[in-house]
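What follows is input-v2.txt (compact mmCIF, C-alpha atoms and all ligand atoms).
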```txt
# COMPACT_ATOMS: atom_id res chain seq x y z
CA MET A 1 86.39 63.61 114.43
CA LEU A 2 89.20 65.11 116.48
CA ARG A 3 92.61 63.50 116.31
CA PRO A 4 93.27 62.10 119.82
CA ILE A 5 96.34 63.86 121.24
CA ILE A 6 96.16 63.23 125.00
CA ALA A 7 97.82 59.99 126.08
CA GLU A 8 95.40 57.25 127.13
CA SER A 9 97.35 56.76 130.39
CA ASP A 10 96.70 60.41 131.32
CA ILE A 11 93.01 60.09 130.49
CA LYS A 12 92.80 57.07 132.76
CA ALA A 13 94.68 58.89 135.53
CA VAL A 14 92.27 61.86 135.34
CA ARG A 15 89.24 59.54 135.27
CA ASP A 16 90.45 57.66 138.35
CA LEU A 17 91.27 60.86 140.26
CA LEU A 18 87.89 62.38 139.40
CA GLU A 19 86.08 59.27 140.59
CA GLU A 20 87.73 59.29 144.00
CA SER A 21 87.58 63.07 144.58
CA GLU A 22 84.90 65.10 146.28
CA ARG A 23 86.47 68.48 146.98
CA ILE A 24 87.79 69.73 143.67
CA VAL A 25 89.49 73.07 143.11
CA ILE A 26 90.40 74.55 139.73
CA THR A 27 93.07 77.21 139.52
CA CYS A 28 94.94 79.16 136.84
CA HIS A 29 97.68 81.78 136.40
CA MET A 30 97.79 85.30 137.86
CA ALA A 31 96.20 88.12 135.87
CA PRO A 32 93.83 85.52 134.44
CA ASP A 33 92.96 86.00 130.77
CA GLY A 34 90.16 84.65 128.60
CA ASP A 35 91.81 81.26 128.26
CA ALA A 36 92.58 80.85 131.97
CA VAL A 37 89.06 81.84 133.02
CA GLY A 38 87.33 80.15 130.06
CA SER A 39 89.04 76.80 130.57
CA SER A 40 88.41 76.91 134.34
CA LEU A 41 84.71 77.70 133.96
CA GLY A 42 84.25 75.27 131.07
CA LEU A 43 85.64 72.49 133.23
CA SER A 44 83.72 73.47 136.38
CA HIS A 45 80.34 73.65 134.59
CA THR A 46 80.88 70.24 133.03
CA LEU A 47 81.99 68.69 136.32
CA ALA A 48 78.89 70.18 138.00
CA ASN A 49 76.78 68.39 135.38
CA ILE A 50 78.14 65.03 136.56
CA GLY A 51 77.56 65.94 140.20
CA LYS A 52 81.13 67.01 141.00
CA GLU A 53 81.14 70.53 142.43
CA ALA A 54 84.42 72.31 141.74
CA ARG A 55 85.41 75.71 143.13
CA ILE A 56 87.55 78.04 141.04
CA VAL A 57 90.32 79.89 142.88
CA THR A 58 92.25 82.48 140.86
CA PRO A 59 95.42 84.19 142.15
CA ASP A 60 93.86 87.61 141.62
CA ARG A 61 90.68 89.17 140.22
CA ILE A 62 89.42 88.40 136.76
CA PRO A 63 89.09 91.30 134.29
CA GLU A 64 85.82 93.19 133.91
CA THR A 65 85.38 91.98 130.32
CA LEU A 66 85.07 88.36 131.47
CA ARG A 67 82.56 88.92 134.27
CA PHE A 68 79.64 88.18 131.93
CA LEU A 69 80.72 84.54 131.64
CA PRO A 70 78.33 82.16 133.39
CA GLY A 71 79.71 81.26 136.82
CA ALA A 72 82.28 84.09 136.86
CA LYS A 73 80.78 85.62 140.00
CA ASP A 74 81.43 82.44 141.99
CA ILE A 75 85.18 82.57 141.31
CA VAL A 76 87.25 83.11 144.48
CA PRO A 77 90.21 85.49 143.98
CA TYR A 78 93.00 84.55 146.40
CA SER A 79 94.20 88.17 146.57
CA LYS A 80 90.84 89.31 147.98
CA TYR A 81 89.65 86.27 149.97
CA THR A 82 93.03 84.87 151.00
CA ASP A 83 91.85 82.87 154.04
CA PHE A 84 88.89 81.32 152.25
CA ALA A 85 90.94 80.54 149.13
CA THR A 86 93.72 79.00 151.28
CA LYS A 87 91.14 76.83 153.06
CA LEU A 88 89.67 75.65 149.75
CA LEU A 89 93.16 74.67 148.58
CA GLU A 90 94.02 73.00 151.90
CA ASP A 91 90.79 71.01 152.03
CA ALA A 92 90.80 69.98 148.38
CA ASP A 93 91.42 66.38 147.38
CA LEU A 94 91.99 67.26 143.71
CA ILE A 95 93.34 70.45 142.14
CA PHE A 96 93.35 71.20 138.43
CA CYS A 97 96.11 73.64 137.39
CA LEU A 98 95.03 75.20 134.13
CA ASP A 99 96.90 77.39 131.63
CA PHE A 100 100.21 77.71 133.50
CA ASN A 101 103.42 75.71 133.58
CA ALA A 102 105.25 76.84 136.73
CA LEU A 103 104.36 77.57 140.35
CA TYR A 104 105.59 81.16 140.23
CA ARG A 105 102.85 81.90 137.66
CA VAL A 106 100.30 81.88 140.51
CA ASP A 107 102.25 84.65 142.23
CA ARG A 108 101.53 84.97 145.97
CA MET A 109 99.34 81.87 145.90
CA SER A 110 102.30 79.60 145.11
CA ASP A 111 102.95 78.51 148.73
CA ALA A 112 99.30 77.71 149.36
CA LEU A 113 99.18 75.71 146.13
CA SER A 114 102.44 73.83 146.63
CA CYS A 115 101.57 73.00 150.28
CA ALA A 116 98.14 71.64 149.39
CA SER A 117 98.08 67.88 149.88
CA ALA A 118 95.56 67.27 147.06
CA LYS A 119 96.49 65.33 143.95
CA LYS A 120 97.17 67.80 141.15
CA ILE A 121 96.50 67.68 137.43
CA LEU A 122 98.11 70.12 135.01
CA VAL A 123 96.35 70.94 131.75
CA ASP A 124 98.32 73.51 129.81
CA HIS A 125 99.83 74.65 126.51
CA HIS A 126 103.03 76.41 127.62
CA GLU A 127 106.43 74.93 126.88
CA SER A 128 108.54 73.08 129.48
CA PRO A 129 106.16 72.50 132.39
CA GLN A 130 107.75 72.37 135.85
CA ASP A 131 107.31 69.22 137.87
CA PHE A 132 104.69 70.23 140.48
CA THR A 133 101.67 68.09 139.59
CA ASP A 134 100.86 64.36 139.65
CA VAL A 135 99.45 64.30 136.12
CA VAL A 136 100.88 66.47 133.35
CA ILE A 137 98.79 67.11 130.25
CA SER A 138 100.97 69.59 128.41
CA HIS A 139 100.49 70.33 124.71
CA PRO A 140 102.37 73.44 123.55
CA ASP A 141 101.15 72.82 120.00
CA GLN A 142 97.59 73.60 121.10
CA SER A 143 96.60 77.25 120.75
CA SER A 144 94.61 77.35 123.99
CA THR A 145 94.09 75.44 127.23
CA SER A 146 90.36 75.79 126.56
CA ALA A 147 90.63 73.69 123.39
CA LEU A 148 92.64 71.17 125.40
CA ILE A 149 89.93 71.05 128.08
CA PHE A 150 87.35 70.35 125.35
CA ARG A 151 89.54 67.48 124.11
CA LEU A 152 89.99 66.16 127.64
CA LEU A 153 86.25 66.24 128.35
CA CYS A 154 85.53 64.41 125.09
CA ARG A 155 88.08 61.73 125.91
CA LEU A 156 86.50 61.34 129.36
CA GLU A 157 83.26 60.65 127.48
CA LEU A 158 81.73 63.83 128.88
CA PHE A 159 80.94 65.51 125.55
CA ASN A 160 77.21 65.27 126.27
CA MET A 161 77.74 66.90 129.67
CA ILE A 162 79.21 70.06 128.10
CA ASP A 163 76.23 72.41 128.23
CA ARG A 164 75.74 75.82 126.63
CA LYS A 165 77.34 77.61 129.60
CA ALA A 166 80.46 75.44 129.48
CA ALA A 167 80.60 75.79 125.70
CA ALA A 168 80.49 79.61 125.91
CA CYS A 169 83.40 79.62 128.37
CA ILE A 170 85.50 77.20 126.31
CA TYR A 171 84.82 79.22 123.15
CA THR A 172 85.89 82.43 124.90
CA GLY A 173 89.29 80.95 125.77
CA MET A 174 89.82 79.62 122.26
CA MET A 175 88.91 83.00 120.81
CA THR A 176 91.04 85.18 123.10
CA ASP A 177 94.21 83.05 122.88
CA THR A 178 94.14 83.21 119.07
CA GLY A 179 93.21 86.91 118.72
CA ASN A 180 89.80 85.90 117.40
CA PHE A 181 91.41 83.18 115.25
CA SER A 182 93.99 85.45 113.67
CA TYR A 183 97.11 83.64 114.96
CA ASN A 184 97.93 80.05 116.03
CA SER A 185 94.69 79.19 114.30
CA ASN A 186 95.52 77.00 111.31
CA ASP A 187 94.72 73.68 112.99
CA PRO A 188 91.54 72.37 111.28
CA ASP A 189 90.54 70.66 114.56
CA LEU A 190 89.87 74.11 116.03
CA TYR A 191 86.97 74.54 113.64
CA THR A 192 85.63 71.09 114.40
CA ILE A 193 85.53 72.11 118.06
CA ILE A 194 83.92 75.46 117.25
CA ALA A 195 81.24 73.72 115.18
CA GLU A 196 80.41 71.51 118.16
CA LEU A 197 80.31 74.52 120.52
CA VAL A 198 77.99 76.41 118.16
CA ARG A 199 75.75 73.30 118.02
CA LYS A 200 75.59 73.47 121.82
CA GLY A 201 73.84 76.82 121.36
CA ILE A 202 76.52 79.45 121.99
CA ASN A 203 76.22 82.84 120.33
CA LYS A 204 79.80 83.36 119.14
CA ASP A 205 79.08 86.78 117.65
CA ASP A 206 77.72 87.96 120.99
CA ILE A 207 80.75 86.56 122.86
CA TYR A 208 83.07 88.47 120.51
CA LYS A 209 81.17 91.71 121.12
CA ARG A 210 81.13 91.27 124.88
CA VAL A 211 84.81 90.41 125.20
CA MET A 212 86.31 92.64 122.53
CA ASN A 213 83.90 95.55 121.98
CA THR A 214 83.24 96.80 125.46
CA LYS A 215 85.95 99.41 125.81
CA LYS A 216 85.43 102.63 127.72
CA ALA A 217 86.42 105.98 126.17
CA ASN A 218 89.43 106.44 128.48
CA VAL A 219 90.69 102.99 127.48
CA LEU A 220 90.55 103.80 123.76
CA LYS A 221 92.31 107.11 124.48
CA LEU A 222 95.04 105.42 126.54
CA ASN A 223 95.68 102.88 123.80
CA GLY A 224 95.63 105.60 121.14
CA TYR A 225 98.10 107.64 123.18
CA ALA A 226 100.47 104.67 123.43
CA VAL A 227 100.23 104.01 119.68
CA SER A 228 100.82 107.69 118.86
CA ARG A 229 104.16 107.47 120.68
CA MET A 230 105.15 104.09 119.25
CA GLU A 231 108.78 103.78 118.17
CA ILE A 232 109.63 101.73 115.10
CA PHE A 233 113.09 100.21 114.63
CA GLU A 234 112.95 99.69 110.88
CA GLU A 235 116.18 97.80 110.36
CA HIS A 236 115.23 95.39 113.16
CA LYS A 237 111.56 95.12 112.10
CA ALA A 238 110.57 95.85 115.68
CA ALA A 239 108.11 98.21 117.36
CA LEU A 240 108.14 99.48 120.94
CA LEU A 241 105.22 100.75 122.99
CA VAL A 242 105.75 102.26 126.43
CA LEU A 243 103.37 103.44 129.15
CA SER A 244 104.70 104.97 132.36
CA ALA A 245 102.91 104.90 135.70
CA ASP A 246 102.04 108.57 135.18
CA ASP A 247 100.52 107.87 131.76
CA LEU A 248 98.40 105.12 133.32
CA LYS A 249 97.26 107.42 136.10
CA ASN A 250 96.34 110.18 133.64
CA PHE A 251 93.99 107.82 131.81
CA ASN A 252 92.55 106.20 134.99
CA TYR A 253 94.08 102.86 134.04
CA GLU A 254 92.59 99.68 135.45
CA ARG A 255 94.02 96.21 134.99
CA GLY A 256 93.10 94.81 131.59
CA ASP A 257 92.80 98.23 129.93
CA THR A 258 95.82 97.62 127.67
CA GLU A 259 94.77 94.07 126.69
CA GLY A 260 95.45 93.68 122.97
CA LEU A 261 97.49 96.88 122.66
CA VAL A 262 100.75 95.01 121.97
CA ASN A 263 99.17 93.49 118.84
CA GLU A 264 98.52 96.87 117.18
CA PRO A 265 102.00 97.44 115.67
CA LEU A 266 101.77 94.06 113.90
CA ALA A 267 99.26 95.68 111.53
CA ILE A 268 102.27 97.41 109.95
CA GLU A 269 103.55 95.18 107.16
CA ASP A 270 107.24 95.59 107.97
CA VAL A 271 106.90 95.11 111.71
CA ILE A 272 107.64 91.50 112.62
CA TYR A 273 107.54 91.85 116.39
CA SER A 274 106.20 94.22 118.97
CA VAL A 275 107.24 94.88 122.58
CA PHE A 276 105.13 96.72 125.14
CA LEU A 277 106.63 97.96 128.43
CA ARG A 278 104.22 98.98 131.19
CA GLU A 279 105.36 100.50 134.45
CA ASP A 280 103.66 98.74 137.34
CA ASP A 281 103.90 99.44 141.10
CA ARG A 282 106.30 96.52 141.51
CA HIS A 283 108.20 96.24 138.22
CA ILE A 284 108.10 96.75 134.46
CA LYS A 285 105.67 94.34 132.83
CA VAL A 286 106.81 93.20 129.40
CA SER A 287 104.43 91.92 126.76
CA THR A 288 105.53 90.79 123.29
CA ARG A 289 103.89 89.57 120.06
CA SER A 290 105.23 88.48 116.68
CA LYS A 291 104.32 87.22 113.23
CA GLY A 292 105.30 83.95 111.55
CA ASP A 293 107.94 81.90 113.32
CA PHE A 294 109.76 84.81 114.94
CA PRO A 295 110.17 83.52 118.53
CA VAL A 296 109.40 86.32 121.01
CA ASN A 297 109.50 83.74 123.80
CA ARG A 298 113.27 83.61 123.24
CA ILE A 299 113.67 87.35 124.03
CA CYS A 300 111.43 86.98 127.06
CA GLU A 301 113.39 84.02 128.39
CA ARG A 302 116.77 85.57 127.76
CA TYR A 303 116.22 89.21 128.69
CA PHE A 304 112.88 89.70 130.41
CA ASN A 305 112.70 86.95 133.09
CA GLY A 306 109.77 85.33 131.38
CA GLY A 307 108.68 83.11 128.55
CA GLY A 308 105.58 82.08 126.68
CA HIS A 309 104.75 81.08 123.15
CA VAL A 310 106.50 81.73 119.83
CA ASN A 311 104.08 84.54 118.90
CA ALA A 312 102.94 85.73 122.35
CA ALA A 313 105.20 85.96 125.35
CA GLY A 314 105.89 88.14 128.36
CA GLY A 315 108.05 88.77 131.37
CA GLU A 316 108.96 91.30 134.04
CA LEU A 317 111.93 93.53 134.79
CA PRO A 318 112.81 94.73 138.30
CA CYS A 319 114.18 98.11 137.14
CA SER A 320 113.14 101.60 136.05
CA LEU A 321 111.27 102.25 132.83
CA ASP A 322 114.28 103.94 131.23
CA GLU A 323 116.47 100.97 132.10
CA ALA A 324 113.88 98.62 130.64
CA ILE A 325 113.88 100.62 127.39
CA ASP A 326 117.69 100.32 127.28
CA ILE A 327 117.49 96.57 127.88
CA PHE A 328 114.98 96.27 125.03
CA LYS A 329 117.28 98.22 122.71
CA SER A 330 120.18 95.97 123.62
CA THR A 331 118.15 92.91 122.51
CA LEU A 332 117.59 94.24 118.99
CA THR A 333 120.84 93.02 117.49
CA PHE A 334 120.53 89.63 119.16
CA MET A 335 117.01 89.22 117.79
CA ASP A 336 118.17 90.07 114.24
CA GLU A 337 119.42 86.52 113.87
CA TYR A 338 115.77 85.31 113.86
CA LEU A 339 114.89 87.79 111.10
CA LYS A 340 117.00 85.74 108.72
CA GLU A 341 114.51 82.89 108.98
CA LYS A 342 112.25 82.12 106.05
CA ASN A 343 109.20 84.09 107.18
CA GLN A 344 110.96 87.41 107.12
CA ARG A 345 111.91 87.49 103.45
P1 LIG B 401 100.52 88.76 127.82
O1 LIG B 401 101.38 89.51 126.87
O2 LIG B 401 99.12 88.61 127.30
O3 LIG B 401 100.63 89.24 129.23
O4 LIG B 401 101.12 87.30 127.86
C1 LIG B 401 101.22 86.51 126.71
C2 LIG B 401 101.79 85.16 127.07
O5 LIG B 401 103.12 85.35 127.52
C3 LIG B 401 101.07 84.47 128.23
O6 LIG B 401 100.09 83.61 127.73
C4 LIG B 401 102.18 83.70 128.89
O7 LIG B 401 102.39 82.50 128.20
C5 LIG B 401 103.40 84.52 128.62
N1 LIG B 401 103.78 85.39 129.74
C6 LIG B 401 103.33 86.63 130.05
N2 LIG B 401 103.95 87.13 131.13
C7 LIG B 401 104.82 86.18 131.53
C8 LIG B 401 105.78 86.10 132.59
O8 LIG B 401 105.94 87.02 133.41
N3 LIG B 401 106.49 84.96 132.67
C9 LIG B 401 106.33 83.94 131.76
N4 LIG B 401 107.08 82.84 131.90
N5 LIG B 401 105.46 83.98 130.77
C10 LIG B 401 104.72 85.08 130.64
MN MN B 402 96.44 80.19 127.38
```
Go ahead and express the file in the form of structure tokens.
Amino acid sequence: MLRPIIAESDIKAVRDLLEESERIVITCHMAPDGDAVGSSLGLSHTLANIGKEARIVTPDRIPETLRFLPGAKDIVPYSKYTDFATKLLEDADLIFCLDFNALYRVDRMSDALSCASAKKILVDHHESPQDFTDVVISHPDQSSTSALIFRLLCRLELFNMIDRKAAACIYTGMMTDTGNFSYNSNDPDLYTIIAELVRKGINKDDIYKRVMNTKKANVLKLNGYAVSRMEIFEEHKAALLVLSADDLKNFNYERGDTEGLVNEPLAIEDVIYSVFLREDDRHIKVSTRSKGDFPVNRICERYFNGGGHVNAAGGELPCSLDEAIDIFKSTLTFMDEYLKEKNQR
């Protein structure tokens, strides 16, 4: 049995809104990852099974590695089909906002989303949600929105409506947001959920292979190149990875190709946190990961215009790559104060 964590009043609110809604849209954050796409598809498949068709609108395209998920081809990326996506949002009477906590996380779609007159339900696991939805189901202690969607569906008495397709999508989100259950994964309830998903007939080994083991040669080379130039700051227990726009071009980079790269330095025993700077057309994208209770979200909030979770956070810098590297170096001393915590001894 799962411990109930979602408030009964929120369950009732979702149930009532679902009952009175006919045009449902599900949306998630920009650069959607396994959890954003997995939770969206898991919810849409289950709603379809109770006769409620829901369209998924993502701010931009989903990565290649997630296209195998059932229903992925029906997702509408706002960046490509802006008019159609805007119409879906405008016409909706209910919008689920999954795996993000603030309007700016949907990037250029934020106006269309905030102007939509539909009732909105947030289901998310990021800290400090902004006030832009009618119902807020926010549980930062949960390691993925997908696990939270499973809990929500169970509480709505829809467990039996979660079919194999929905289960595969929910599992994918749980797996990707915990690095295949290697961080944020000590909650025993996670394994209760996984057992139920496996009983629904998913092939978890196959999902792992499809999501994690489908890299192209140029992608492995790009990641290897970045690691070969990694800088370690021993006294600060930090590692830095950097890829310039030219590096990306040389290896025919496509979005998603550096997924997971920022985790690599954590394999080194004495590295407690890792920062990856990637030069984009618009800005420098920052991605950070850490071990134990070292809070990388604090660096991202304070220095990198972002946020996230204790062990996985990110942000963006509107400057040159060299300036971003300098900013990172200036954070090192500030971050030392967190090294004194118990986990770093
Ligand atoms: P990733 O490193 O995989 O891009 O992001 C890891 C986590 O950091 C995300 O799940 C999200 O919580 C957070 N994150 C990444 N980029 C940003 C950003 O630009 N702003 C904020 N607030 N959070 C971010
Ligand atoms: Mn997530």
Using 8 Å of padding on each side, determine the axis-aligned box around all atoms of segment 145-153 of chain A present in the file and give its centre and edge lengths in Å to one decimal, as AutoDock Vina command-line options.
```
--center_x 90.2 --center_y 71.0 --center_z 125.9 --size_x 23.8 --size_y 25.6 --size_z 21.0
```
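Atom CA of Leu148 of chain A lies 17.0 Å from atom CA of Gly308 of chain A.
Atom CA of Val76 of chain A is positioned 29.2 Å from atom CA of Leu277 of chain A.
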Using all atoms listed in the file - which residues lie no farther than 12 Å from the point (91.1, 60.3, 130.3) in the file's frame? Write them as a PyMOL selection string. chain A and resi 4-19+121+123+135-137+149-158
Expected selection as a VMD selection string for ligand LIG 401 (chain B) within 6 Å, all atoms listed in the file: chain A and resid 287 to 288 306 to 309 312 to 316
Requested write-out: C-alpha atoms of the selected residues, as a compact mmCIF listing (two decimals), keeping the file's coordinate frame:
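Written output follows (out_7.txt):
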```
# COMPACT_ATOMS: atom_id res chain seq x y z
CA SER A 287 104.43 91.92 126.76
CA THR A 288 105.53 90.79 123.29
CA GLY A 306 109.77 85.33 131.38
CA GLY A 307 108.68 83.11 128.55
CA GLY A 308 105.58 82.08 126.68
CA HIS A 309 104.75 81.08 123.15
CA ALA A 312 102.94 85.73 122.35
CA ALA A 313 105.20 85.96 125.35
CA GLY A 314 105.89 88.14 128.36
CA GLY A 315 108.05 88.77 131.37
CA GLU A 316 108.96 91.30 134.04
```
Give me, as a tab-separated table, the closest atom pair and its distance (Å, one decimal) for every residue of chain A within a cut-off of 6 Å of ligand MN 402 (chain B), counting all atoms listed in the file, rows sorted by chain and rising number.
```
residue	atom	partner	partner_atom	distance
A:Asp35	CA	B:MN402	MN	4.8
A:Asp99	CA	B:MN402	MN	5.1
A:Ser144	CA	B:MN402	MN	4.8
A:Thr145	CA	B:MN402	MN	5.3
A:Asp177	CA	B:MN402	MN	5.8
```
With all atoms listed in the file as the counted atoms, please give the residues lying no more than 10 Å from Gly201 of chain A, apart from itself and same-chain residues fewer than 3 positions off, as a PyMOL selection string. chain A and resi 163-165+167-168+196-198+204
Long-range neighbours of Val310 of chain A as a short mmCIF file (atom, residue, chain, number, x, y, z; two decimals) with C-alpha atoms, keeping the file's coordinate frame, 12 Å cut-off, all atoms listed in the file, 4 positions minimum in chain:
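Output saved as selection.cif:
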```
data_model
loop_
_atom_site.label_atom_id
_atom_site.label_comp_id
_atom_site.auth_asym_id
_atom_site.auth_seq_id
_atom_site.Cartn_x
_atom_site.Cartn_y
_atom_site.Cartn_z
CA HIS A 125 99.83 74.65 126.51
CA HIS A 126 103.03 76.41 127.62
CA GLU A 127 106.43 74.93 126.88
CA PRO A 140 102.37 73.44 123.55
CA ASP A 141 101.15 72.82 120.00
CA SER A 143 96.60 77.25 120.75
CA TYR A 183 97.11 83.64 114.96
CA ASN A 184 97.93 80.05 116.03
CA TYR A 273 107.54 91.85 116.39
CA THR A 288 105.53 90.79 123.29
CA ARG A 289 103.89 89.57 120.06
CA SER A 290 105.23 88.48 116.68
CA LYS A 291 104.32 87.22 113.23
CA GLY A 292 105.30 83.95 111.55
CA ASP A 293 107.94 81.90 113.32
CA PHE A 294 109.76 84.81 114.94
CA PRO A 295 110.17 83.52 118.53
CA VAL A 296 109.40 86.32 121.01
CA ASN A 297 109.50 83.74 123.80
CA ARG A 298 113.27 83.61 123.24
CA ILE A 299 113.67 87.35 124.03
CA CYS A 300 111.43 86.98 127.06
CA GLU A 301 113.39 84.02 128.39
CA GLY A 314 105.89 88.14 128.36
CA TYR A 338 115.77 85.31 113.86
#
```
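Reported to one decimal place, the separation of atom CA of Arg105 of chain A from atom CA of Asn213 of chain A is 28.1 Å.
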List the spatial neighbours of Glu90 of chain A as a ChimeraX atom specification - criterion: any atom at most 12 Å away, all atoms listed in the file, same-chain residues fewer than 5 positions off excluded. /A:23-25,57,82-85,95,109,111-119
Show me, as a list in words, the residues that have an atom within 7 Å of Gly34 of chain A when counting only C-alpha atoms, minus same-chain residues fewer than 6 positions from it. Leu66, Thr172, Gly173 and Thr176 of chain A
Please identify all polymer residues within 10 Å of Glu254 of chain A, counting all atoms listed in the file, omitting same-chain residues fewer than 4 positions from it, and present them as a PyMOL selection string. chain A and resi 63-64+219+248-249+258
May I have the residues at most 12 Å from (81.9, 97.3, 128.4) in the file's coordinates, counting only C-alpha atoms, as a PyMOL selection string? chain A and resi 63-68+208-220+256-257
Dump as a PDB file, in the frame of the given file, selection limited to C-alpha atoms:
```pdb
ATOM      1  CA  PRO A  63      89.090  91.300 134.290  1.00  0.00           C
ATOM      2  CA  GLU A  64      85.820  93.190 133.910  1.00  0.00           C
ATOM      3  CA  THR A  65      85.380  91.980 130.320  1.00  0.00           C
ATOM      4  CA  LEU A  66      85.070  88.360 131.470  1.00  0.00           C
ATOM      5  CA  ARG A  67      82.560  88.920 134.270  1.00  0.00           C
ATOM      6  CA  PHE A  68      79.640  88.180 131.930  1.00  0.00           C
ATOM      7  CA  TYR A 208      83.070  88.470 120.510  1.00  0.00           C
ATOM      8  CA  LYS A 209      81.170  91.710 121.120  1.00  0.00           C
ATOM      9  CA  ARG A 210      81.130  91.270 124.880  1.00  0.00           C
ATOM     10  CA  VAL A 211      84.810  90.410 125.200  1.00  0.00           C
ATOM     11  CA  MET A 212      86.310  92.640 122.530  1.00  0.00           C
ATOM     12  CA  ASN A 213      83.900  95.550 121.980  1.00  0.00           C
ATOM     13  CA  THR A 214      83.240  96.800 125.460  1.00  0.00           C
ATOM     14  CA  LYS A 215      85.950  99.410 125.810  1.00  0.00           C
ATOM     15  CA  LYS A 216      85.430 102.630 127.720  1.00  0.00           C
ATOM     16  CA  ALA A 217      86.420 105.980 126.170  1.00  0.00           C
ATOM     17  CA  ASN A 218      89.430 106.440 128.480  1.00  0.00           C
ATOM     18  CA  VAL A 219      90.690 102.990 127.480  1.00  0.00           C
ATOM     19  CA  LEU A 220      90.550 103.800 123.760  1.00  0.00           C
ATOM     20  CA  GLY A 256      93.100  94.810 131.590  1.00  0.00           C
ATOM     21  CA  ASP A 257      92.800  98.230 129.930  1.00  0.00           C
TER      22      ASP A 257
END
```
If you count only C-alpha atoms, the residue of A:Asp107, A:Glu231, A:Glu53, A:Asp33 closest to Asp74 of chain A turns out to be A:Glu53
